[in-house]
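What follows is the content of model.cif (mmCIF, C-alpha atoms).
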```cif
data_my_file
loop_
_atom_site.label_atom_id
_atom_site.label_comp_id
_atom_site.auth_asym_id
_atom_site.auth_seq_id
_atom_site.Cartn_x
_atom_site.Cartn_y
_atom_site.Cartn_z
CA MET A 1 110.33 105.13 117.43
CA PRO A 2 109.71 106.45 113.89
CA ARG A 3 107.12 109.18 113.46
CA ILE A 4 105.27 110.73 110.59
CA ASN A 5 107.35 113.84 109.87
CA LEU A 6 105.72 115.26 106.73
CA PHE A 7 102.10 116.35 106.68
CA LEU A 8 100.36 117.35 103.47
CA VAL A 9 97.58 119.50 104.93
CA SER A 10 95.08 120.24 102.18
CA CYS A 11 91.47 121.25 101.86
CA PRO A 12 89.36 118.43 100.37
CA ARG A 13 89.36 118.48 96.55
CA GLY A 14 92.50 120.59 96.70
CA GLY A 15 94.74 118.31 94.65
CA SER A 16 96.34 116.43 97.53
CA THR A 17 96.04 113.01 95.88
CA GLN A 18 98.07 114.11 92.88
CA LEU A 19 100.65 116.05 94.89
CA ALA A 20 101.06 113.17 97.33
CA THR A 21 101.58 110.78 94.41
CA TRP A 22 104.26 113.01 92.89
CA LEU A 23 106.06 113.41 96.22
CA ALA A 24 105.87 109.69 96.98
CA SER A 25 107.56 108.97 93.64
CA HIS A 26 110.77 110.37 95.18
CA PRO A 27 112.97 107.70 96.79
CA ALA A 28 113.29 109.78 99.97
CA VAL A 29 109.53 110.12 100.53
CA GLY A 30 107.19 107.40 101.71
CA MET A 31 103.40 107.65 101.73
CA SER A 32 101.50 106.09 104.62
CA ALA A 33 99.47 103.03 103.62
CA ILE A 34 96.32 105.00 104.46
CA LYS A 35 96.63 108.30 102.60
CA GLU A 36 94.13 110.03 104.93
CA PRO A 37 94.14 108.47 108.41
CA ASN A 38 92.57 111.63 109.95
CA PHE A 39 94.07 110.73 113.34
CA PHE A 40 94.51 114.33 114.53
CA ALA A 41 90.94 115.23 113.57
CA ALA A 42 89.23 112.00 114.64
CA GLY A 43 87.05 113.92 117.09
CA ASP A 44 85.40 115.66 114.14
CA PHE A 45 84.06 112.33 112.91
CA PRO A 46 81.46 110.89 115.31
CA GLU A 47 81.36 107.12 115.09
CA ASP A 48 77.67 107.13 114.17
CA LEU A 49 78.42 109.49 111.26
CA VAL A 50 81.27 107.30 110.00
CA ALA A 51 79.02 104.24 110.14
CA ALA A 52 75.96 105.90 108.60
CA GLN A 53 77.89 107.40 105.68
CA HIS A 54 80.28 104.45 105.28
CA LEU A 55 83.24 106.82 105.40
CA ASP A 56 85.88 104.25 106.37
CA ASP A 57 87.37 102.37 103.44
CA ILE A 58 88.29 99.59 105.87
CA ASP A 59 87.45 98.08 109.23
CA PRO A 60 90.45 99.39 111.21
CA ALA A 61 90.52 96.41 113.60
CA ASP A 62 90.63 93.89 110.75
CA TYR A 63 92.98 96.02 108.62
CA PHE A 64 95.74 96.26 111.24
CA ASN A 65 95.58 92.57 112.06
CA ARG A 66 97.10 91.81 108.65
CA ALA A 67 100.81 91.41 108.06
CA ASN A 68 100.83 93.67 105.01
CA LEU A 69 98.85 96.90 104.92
CA ARG A 70 97.18 97.45 101.55
CA ARG A 71 96.94 100.95 100.11
CA ILE A 72 93.67 102.75 100.82
CA GLN A 73 92.48 106.33 100.58
CA PHE A 74 90.52 107.14 103.74
CA ALA A 75 89.94 105.97 107.29
CA VAL A 76 89.33 107.54 110.69
CA LEU A 77 91.95 106.17 113.08
CA ARG A 78 91.34 106.74 116.78
CA LYS A 79 94.02 104.53 118.34
CA ALA A 80 97.62 105.73 118.71
CA GLU A 81 99.01 102.23 118.14
CA GLN A 82 97.24 102.02 114.77
CA TYR A 83 98.63 105.38 113.71
CA GLN A 84 102.09 104.31 114.87
CA ARG A 85 101.83 101.23 112.66
CA LEU A 86 101.60 103.53 109.62
CA ALA A 87 104.87 105.20 110.63
CA ASP A 88 106.53 101.87 111.42
CA GLU A 89 105.85 100.63 107.88
CA LEU A 90 107.85 103.48 106.32
CA THR A 91 111.62 103.33 105.92
CA THR A 92 112.21 106.57 103.99
CA PHE A 93 113.59 109.81 105.43
CA TRP A 94 110.30 111.62 104.89
CA ARG A 95 107.30 109.70 106.23
CA MET A 96 104.17 111.39 104.90
CA GLU A 97 100.42 111.35 105.39
CA ALA A 98 97.87 113.59 103.65
CA SER A 99 94.62 113.89 105.60
CA THR A 100 92.30 116.55 104.20
CA SER A 101 90.49 117.14 107.52
CA TYR A 102 93.26 118.90 109.44
CA LEU A 103 92.92 122.33 107.83
CA ALA A 104 89.33 122.74 109.04
CA SER A 105 89.75 120.95 112.38
CA ASN A 106 90.05 123.12 115.49
CA GLY A 107 93.21 122.20 117.36
CA ALA A 108 94.67 119.90 114.70
CA ALA A 109 97.78 122.07 114.30
CA GLU A 110 98.46 121.89 118.04
CA ARG A 111 97.91 118.15 118.14
CA ILE A 112 100.33 117.58 115.28
CA TRP A 113 102.89 119.83 117.00
CA GLU A 114 102.56 117.85 120.23
CA TYR A 115 103.06 114.62 118.27
CA ASN A 116 106.09 115.86 116.31
CA PRO A 117 107.27 119.47 116.74
CA ASP A 118 109.96 118.91 114.08
CA ALA A 119 107.46 117.94 111.39
CA ARG A 120 107.31 119.78 108.06
CA ILE A 121 103.91 121.04 106.93
CA ILE A 122 102.84 121.42 103.29
CA LEU A 123 99.70 123.55 103.05
CA LEU A 124 97.73 123.07 99.84
CA THR A 125 94.64 125.16 99.08
CA ARG A 126 92.29 125.81 96.17
CA ASP A 127 89.95 128.61 95.13
CA PRO A 128 87.07 128.21 97.65
CA LEU A 129 84.28 128.28 95.07
CA ALA A 130 85.96 125.81 92.70
CA ARG A 131 86.74 123.56 95.67
CA ALA A 132 83.12 123.50 96.88
CA LEU A 133 81.74 122.81 93.39
CA SER A 134 84.22 119.97 92.95
CA HIS A 135 83.20 118.52 96.31
CA TYR A 136 79.52 118.68 95.35
CA HIS A 137 80.26 116.75 92.16
CA LEU A 138 82.14 114.18 94.24
CA ALA A 139 79.11 113.85 96.55
CA LEU A 140 76.93 113.16 93.52
CA ARG A 141 79.45 110.66 92.17
CA THR A 142 79.75 108.71 95.41
CA GLY A 143 76.02 108.80 96.12
CA ARG A 144 76.37 110.92 99.25
CA THR A 145 73.57 113.11 97.89
CA ILE A 146 71.14 113.37 95.01
CA ALA A 147 69.79 116.75 96.16
CA PRO A 148 70.28 119.98 94.18
CA LEU A 149 73.17 122.17 95.29
CA GLY A 150 70.73 124.79 96.62
CA THR A 151 69.15 122.25 98.96
CA GLU A 152 72.52 121.14 100.28
CA LEU A 153 73.52 124.76 100.87
CA GLU A 154 70.33 125.52 102.76
CA ILE A 155 70.87 122.52 105.04
CA GLU A 156 74.41 123.68 105.82
CA ARG A 157 73.48 127.33 106.20
CA THR A 158 70.68 126.69 108.67
CA SER A 159 72.48 124.14 110.83
CA GLY A 160 75.74 126.03 111.35
CA TYR A 161 78.88 126.43 109.28
CA ASP A 162 81.12 124.71 111.82
CA ASP A 163 79.33 121.37 111.69
CA ALA A 164 81.99 118.83 110.67
CA ARG A 165 79.35 116.93 108.67
CA HIS A 166 79.30 119.77 106.18
CA TYR A 167 81.38 119.51 103.05
CA LEU A 168 80.56 122.59 100.96
CA LEU A 169 81.17 125.64 103.16
CA ARG A 170 83.29 124.56 106.11
CA PRO A 171 86.26 123.13 104.13
CA SER A 172 86.32 126.21 101.88
CA ARG A 173 86.66 128.50 104.89
CA TYR A 174 90.25 127.55 105.53
CA ARG A 175 91.76 130.92 106.45
CA ALA A 176 91.49 130.19 110.17
CA GLY A 177 93.19 126.85 109.62
CA LEU A 178 96.06 128.46 107.73
CA ALA A 179 96.42 130.95 110.59
CA ASP A 180 96.48 128.12 113.13
CA PHE A 181 99.34 126.33 111.37
CA ALA A 182 101.19 129.64 110.95
CA ARG A 183 100.82 130.30 114.67
CA VAL A 184 101.95 126.82 115.75
CA PHE A 185 104.70 125.96 113.25
CA PRO A 186 107.65 128.27 112.40
CA ALA A 187 107.88 129.64 108.87
CA ASP A 188 110.83 127.39 108.00
CA GLN A 189 108.66 124.33 108.71
CA ARG A 190 105.76 125.44 106.47
CA PHE A 191 105.31 125.60 102.71
CA HIS A 192 102.11 126.92 101.15
CA LEU A 193 101.01 126.46 97.56
CA THR A 194 97.71 126.44 95.70
CA LEU A 195 96.23 124.00 93.23
CA GLU A 196 96.03 126.82 90.69
CA GLU A 197 99.76 127.55 91.04
CA MET A 198 100.59 123.86 90.76
CA ALA A 199 98.46 123.51 87.62
CA ALA A 200 99.99 126.59 85.98
CA ASP A 201 103.63 125.70 86.71
CA PRO A 202 103.92 122.20 88.17
CA MET A 203 107.69 121.85 87.75
CA GLY A 204 108.41 125.33 89.08
CA ARG A 205 106.34 124.92 92.24
CA LEU A 206 107.50 121.34 92.77
CA SER A 207 111.11 122.48 92.49
CA GLU A 208 110.48 125.05 95.23
CA LEU A 209 108.79 122.40 97.34
CA CYS A 210 111.74 120.07 96.84
CA GLY A 211 114.02 122.86 98.01
CA PHE A 212 111.91 123.13 101.17
CA LEU A 213 112.40 119.38 101.74
CA ASP A 214 116.03 119.22 100.60
CA LEU A 215 115.12 116.90 97.74
CA ASP A 216 116.41 116.66 94.19
CA PRO A 217 113.39 117.47 91.94
CA ALA A 218 114.95 115.43 89.12
CA GLU A 219 114.09 112.30 91.11
CA LEU A 220 110.33 113.02 91.00
CA ASP A 221 108.27 111.03 88.50
CA LEU A 222 105.75 113.50 87.10
CA CYS A 223 104.31 110.82 84.82
CA LYS A 224 102.51 109.32 87.80
CA SER A 225 98.89 110.43 87.73
CA ALA A 226 96.35 110.02 90.52
CA ARG A 227 93.67 112.65 89.97
CA ASN A 228 90.31 111.86 91.52
CA ALA A 229 87.59 111.32 88.92
CA GLN A 230 84.44 113.47 88.78
CA ALA A 231 82.25 111.74 86.17
CA LEU A 232 78.65 111.48 87.38
CA PRO A 233 76.67 108.24 87.83
CA ARG A 234 74.24 107.20 85.10
CA LEU A 235 71.74 106.03 87.74
CA PRO A 236 72.04 108.54 90.61
CA GLY A 237 69.08 107.19 92.60
CA LEU A 238 70.43 103.65 92.61
CA ASN A 239 73.95 104.92 93.31
CA HIS A 240 72.64 106.83 96.35
CA TRP A 241 70.66 103.81 97.60
CA LEU A 242 73.67 101.51 97.32
CA LEU A 243 75.81 103.89 99.36
CA LYS A 244 73.22 104.40 102.09
CA ASN A 245 72.79 100.65 102.49
CA GLY A 246 76.50 99.95 102.55
CA MET A 247 76.28 97.88 99.38
CA LYS A 248 78.85 99.94 97.46
CA THR A 249 81.51 99.19 100.06
CA ARG A 250 80.77 95.46 99.94
CA ILE A 251 80.69 95.39 96.14
CA ARG A 252 84.08 97.16 95.96
CA ALA A 253 85.58 94.61 98.34
CA LEU A 254 84.21 91.60 96.45
CA LEU A 255 84.65 92.76 92.87
CA PRO A 256 87.83 91.46 91.17
CA THR A 257 90.26 94.26 90.38
CA VAL A 258 90.33 93.43 86.67
CA LEU A 259 86.58 94.08 86.40
CA LYS A 260 86.54 97.47 88.12
CA PRO A 261 87.57 99.59 85.08
CA ALA A 262 84.78 98.10 82.97
CA LEU A 263 82.22 98.64 85.72
CA ARG A 264 83.31 102.26 86.15
CA CYS A 265 82.86 102.86 82.41
CA PHE A 266 79.33 101.48 82.65
CA TRP A 267 78.40 103.15 85.93
CA PHE A 268 79.72 106.68 85.27
CA ASP A 269 79.31 109.03 82.32
CA ALA A 270 81.83 111.86 81.94
CA ARG A 271 79.65 113.52 79.27
CA GLN A 272 76.83 114.39 81.63
CA PRO A 273 76.47 118.17 82.12
CA SER A 274 76.87 119.68 85.55
CA PRO A 275 73.55 119.74 87.41
CA VAL A 276 74.45 123.01 89.16
CA SER A 277 72.08 125.83 88.22
CA VAL A 278 73.27 129.40 87.68
CA LYS A 279 71.19 130.50 90.68
CA ASP A 280 72.72 127.90 93.00
CA ARG A 281 76.23 128.69 91.81
CA GLU A 282 75.68 132.39 92.48
CA ARG A 283 74.34 131.59 95.95
CA LEU A 284 77.40 129.48 96.73
CA ALA A 285 79.68 132.25 95.46
CA GLU A 286 77.86 134.73 97.69
CA LEU A 287 78.29 132.55 100.78
CA LEU A 288 82.00 132.14 100.09
CA ALA A 289 82.72 135.70 98.90
CA GLU A 290 84.60 136.64 102.05
CA ASN A 291 86.93 133.68 101.60
CA ARG A 292 87.98 134.37 98.01
#
```

Rewrite the coordinates I just gave you, this time as structure tokens.
Amino acid sequence: MPRINLFLVSCPRGGSTQLATWLASHPAVGMSAIKEPNFFAAGDFPEDLVAAQHLDDIDPADYFNRANLRRIQFAVLRKAEQYQRLADELTTFWRMEASTSYLASNGAAERIWEYNPDARIILLTRDPLARALSHYHLALRTGRTIAPLGTELEIERTSGYDDARHYLLRPSRYRAGLADFARVFPADQRFHLTLEEMAADPMGRLSELCGFLDLDPAELDLCKSARNAQALPRLPGLNHWLLKNGMKTRIRALLPTVLKPALRCFWFDARQPSPVSVKDRERLAELLAENR
């Protein structure tokens, strides 16, 4: 029975989408149809939270009833047979998934080890402050929030840093997660790099990573780009309302693919300045100081 044997374990907004795209351009590496199945951290996503925030990009029951699995970004899989289907679809030597929840999930390292003790682990991190700011911009873009950063921080600070619903502080506090993977997986099965290192010397770090995986770096296609956008919505209130009512998910499913680029150009404006105040940025930096 084939198993996922390569895990790209990244903090959210850490660059995993781009790195996964580069790795999957190699003929020996296959990317699971669902980039982030979150199977080994499913317990961190209560079903009411997933439903209320429309986190799943698909209805898992309907998705796995189809003969061909279409490529999607995110889902929370809870059934072993669904996760196995992702592995079954891959025919390459390295069968990879890239969930961004495992680094902050208590026990995820152990669960992955129990599933496949021979797996290779790529750990990808980013400066904690830059990561949190990027995640806040994503929350504004998707409509998850329209509140100022300071308000979001106060909600997280007063309700506990370990709440899995939090997206600013908890994912940036990844030192414990790194320690967990270092404790569970031997050094020769782990490779750690940062987004900053990858941006400064992509070919150098990718060559080292290919050495870790016994791959020829010349077979990577670095022209493939898959960076997540951060442009902000022109109508944030409407954007937020559409997300909360589940309309954005339905519109995405019904809208013809050829029309989506034009709609994105209308809906988002990359020229909008960041809404983060100096005061809120300093407060965020203060809360994450011990992690930098």

Answer key for the PyMOL selection byres ((chain A and resi 174) around 9), residues as a count of residues only: 15

Residues near Lys35 in chain A, cut-off 6 Å, only C-alpha atoms, skip fewer than 5 positions along chain, as an MDAnalysis selection string: chainID A and resid 73 97:98

Cut-off 8 Å around (115.6, 110.9, 102.9) with all atoms listed in the file: residues as a list in words: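 Applying the cut-off with all atoms listed in the file, one gets Pro27, Ala28, Val29, Thr92, Phe93, Trp94 and Leu215 of chain A.
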
May I have the residues from that selection written out with C-alpha atoms, as a compact mmCIF listing (two decimals), keeping the file's coordinate frame?
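Generated file (out11.txt):
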```txt
# COMPACT_ATOMS: atom_id res chain seq x y z
CA PRO A 27 112.97 107.70 96.79
CA ALA A 28 113.29 109.78 99.97
CA VAL A 29 109.53 110.12 100.53
CA THR A 92 112.21 106.57 103.99
CA PHE A 93 113.59 109.81 105.43
CA TRP A 94 110.30 111.62 104.89
CA LEU A 215 115.12 116.90 97.74
```

Between CA of Tyr102 in chain A and CA of Ala61 in chain A - distance in Å to one decimal: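 So the answer is 23.0 Å.
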
Closest of A:Ile122, A:Leu220, A:Ala24, A:Leu19 to Ala199 in chain A - atom-to-atom distances counting all atoms listed in the file: A:Leu19

Test item: residues at most 8 Å from Arg126 in chain A, all atoms listed in the file, excluding those fewer than 4 positions along its chain, as a list in words: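 These residues fall inside the cut-off: Cys11, Arg13, Gly14, Ala130, Arg131, Thr194, Leu195 and Glu196 of chain A.
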
Picked residues, the PyMOL selection byres ((chain A and resi 192) around 12), as a PyMOL selection string: chain A and resi 7-10+120-126+178-179+181-182+187-191+193-195+197-198+205-206+208-209+212

CA of Met1 in chain A to CA of Glu89 in chain A, straight-line distance in Å: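 Computing it gives 11.5 Å between the two atoms.
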
Residues returned when the PyMOL selection byres ((chain A and resi 41-49) around 7) runs on this file, as a ChimeraX atom specification: /A:38-40,50-53,76-78,101-102,105,108,164

Work out where the centre of an axis-aligned box around every listed atom of range 108-127 of chain A lies and how long its edges are once 3 Å is added on each side; give both in Å to one decimal as JSON.
```
{"center_x": 100.0, "center_y": 121.6, "center_z": 107.7, "size_x": 26.0, "size_y": 20.0, "size_z": 31.1}
```

Distance criterion (all atoms listed in the file): nearest to Asp214 in chain A out of A:Gln84, A:Thr100, A:His26, A:Gln18: A:His26

Shortest interatomic distance to Ile146 in chain A - which of A:Val276, A:Met96, A:Ala132, A:Ala218, counting only C-alpha atoms: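 Closest residue, counting only C-alpha atoms: A:Val276.
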
Near-Ala75 in chain A list (9 Å; all atoms listed in the file; drop same-chain fewer than 4 positions) as a PyMOL selection string: chain A and resi 34-39+55-60

Atomic separation - CA of Asp216 in chain A relative to CA of Ser32 in chain A, Å: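 Separation of CA of Ser32 in chain A and CA of Asp216 in chain A: 21.0 Å.
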